[in-house]
Amino acid sequence: MNYLKLLENKVLKNETLKIELDINIYTKSTILKSTYKFTDRAYIYIEKDKDIKKHIIYFTPKDIISLDILSGEFINELLDQELRSVVLKETSKIRNVIVTRALLSGQSNE
């Protein structure tokens, strides 16, 4: 299963973590939501590769933190956000029916 494909994960000389992600697997929305959760721990820069096949994310920690831990937590957050997106799409019809019925049942029969 190639669903969670990490193209590259390496530490640069200036203690910046570089993670490359396949754009066919991770949406821009998933990446933005995931990286946002790390803004308290790292400075983050996101770019799209010129060949338009990957997103490159750079993490420069604000404090002393293991880059391996930061990397692992980020990959877990990507999985979490992607799964949330999938569940949202799969349950949208039933959620809309429930909300519509709830709103209709709240109307008075005048």
# chains A, B, ... in the order shown; residues from 1 in each chain; ligands from 1
>>> select_by_dssp(residues="chain A", states="helix (DSSP H, G or I)", output="VMD selection string")
chain A and resid 28 to 36 67 to 105
>>> write_last_selection(atoms="C-alpha atoms", output="PDB file, in the first residue's frame")
ATOM      1  CA  LYS A  28      -2.504  20.826   0.026  1.00  0.00           C
ATOM      2  CA  SER A  29      -5.234  21.099   2.658  1.00  0.00           C
ATOM      3  CA  THR A  30      -3.932  18.080   4.571  1.00  0.00           C
ATOM      4  CA  ILE A  31      -0.396  19.449   4.525  1.00  0.00           C
ATOM      5  CA  LEU A  32      -1.484  22.908   5.689  1.00  0.00           C
ATOM      6  CA  LYS A  33      -3.627  21.515   8.511  1.00  0.00           C
ATOM      7  CA  SER A  34      -0.832  19.205   9.618  1.00  0.00           C
ATOM      8  CA  THR A  35       1.929  21.790   9.545  1.00  0.00           C
ATOM      9  CA  TYR A  36      -0.206  24.341  11.380  1.00  0.00           C
ATOM     10  CA  LEU A  67      14.195  15.997  14.764  1.00  0.00           C
ATOM     11  CA  ASP A  68      13.325  12.290  14.665  1.00  0.00           C
ATOM     12  CA  ILE A  69      10.483  12.887  17.093  1.00  0.00           C
ATOM     13  CA  LEU A  70       9.343  15.972  15.179  1.00  0.00           C
ATOM     14  CA  SER A  71       9.403  13.992  11.948  1.00  0.00           C
ATOM     15  CA  GLY A  72       7.475  11.055  13.396  1.00  0.00           C
ATOM     16  CA  GLU A  73       4.840  13.274  14.971  1.00  0.00           C
ATOM     17  CA  PHE A  74       4.395  15.145  11.707  1.00  0.00           C
ATOM     18  CA  ILE A  75       3.891  11.938   9.726  1.00  0.00           C
ATOM     19  CA  ASN A  76       1.302  10.813  12.297  1.00  0.00           C
ATOM     20  CA  GLU A  77      -0.460  14.181  11.995  1.00  0.00           C
ATOM     21  CA  LEU A  78      -0.532  13.832   8.196  1.00  0.00           C
ATOM     22  CA  LEU A  79      -2.210  10.462   8.588  1.00  0.00           C
ATOM     23  CA  ASP A  80      -4.704  11.908  11.083  1.00  0.00           C
ATOM     24  CA  GLN A  81      -5.635  14.863   8.858  1.00  0.00           C
ATOM     25  CA  GLU A  82      -5.898  12.714   5.723  1.00  0.00           C
ATOM     26  CA  LEU A  83      -8.139  10.243   7.544  1.00  0.00           C
ATOM     27  CA  ARG A  84     -10.343  13.094   8.795  1.00  0.00           C
ATOM     28  CA  SER A  85     -10.737  14.239   5.199  1.00  0.00           C
ATOM     29  CA  VAL A  86     -11.676  10.742   4.045  1.00  0.00           C
ATOM     30  CA  VAL A  87     -14.240  10.298   6.851  1.00  0.00           C
ATOM     31  CA  LEU A  88     -15.716  13.738   6.115  1.00  0.00           C
ATOM     32  CA  LYS A  89     -16.227  12.788   2.458  1.00  0.00           C
ATOM     33  CA  GLU A  90     -17.633   9.341   3.299  1.00  0.00           C
ATOM     34  CA  THR A  91     -20.129  10.625   5.859  1.00  0.00           C
ATOM     35  CA  SER A  92     -21.202  13.888   4.204  1.00  0.00           C
ATOM     36  CA  LYS A  93     -24.536  12.552   2.879  1.00  0.00           C
ATOM     37  CA  ILE A  94     -25.708  11.083   6.186  1.00  0.00           C
ATOM     38  CA  ARG A  95     -24.491  14.149   8.088  1.00  0.00           C
ATOM     39  CA  ASN A  96     -26.518  16.408   5.764  1.00  0.00           C
ATOM     40  CA  VAL A  97     -29.623  14.242   6.259  1.00  0.00           C
ATOM     41  CA  ILE A  98     -29.250  14.381  10.053  1.00  0.00           C
ATOM     42  CA  VAL A  99     -28.778  18.155  10.071  1.00  0.00           C
ATOM     43  CA  THR A 100     -31.728  18.696   7.716  1.00  0.00           C
ATOM     44  CA  ARG A 101     -34.025  16.525   9.838  1.00  0.00           C
ATOM     45  CA  ALA A 102     -32.905  18.250  13.005  1.00  0.00           C
ATOM     46  CA  LEU A 103     -33.619  21.654  11.514  1.00  0.00           C
ATOM     47  CA  LEU A 104     -37.005  20.561  10.149  1.00  0.00           C
ATOM     48  CA  SER A 105     -38.065  19.000  13.447  1.00  0.00           C
TER      49      SER A 105
END
>>> residues_around(residues="segment 48-55 of chain A", least_positions_apart="2", cutoff="9 Å", atoms="only C-alpha atoms", output="PyMOL selection string")
chain A and resi 7+19-24+26+28+31+46+57
>>> select_by_dssp(residues="chain A", states="strand (DSSP E or B)", output="MDAnalysis selection string")
chainID A and resid 6:11 17:22 42:48 54:61
>>> atom_distance(atom1="atom CA of Ile44 of chain A", atom2="atom CA of Ile56 of chain A")
10.4 Å
>>> residues_around(residues="Thr16 of chain A", least_positions_apart="6", cutoff="8 Å", atoms="only C-alpha atoms", output="list of chain:residue names")
A:Tyr58, A:Phe59, A:Thr60, A:Pro61
>>> closest_residue(among="A:Tyr45, A:Thr39, A:Ile64, A:Thr27", to="Glu15 of chain A", atoms="only C-alpha atoms")
A:Ile64
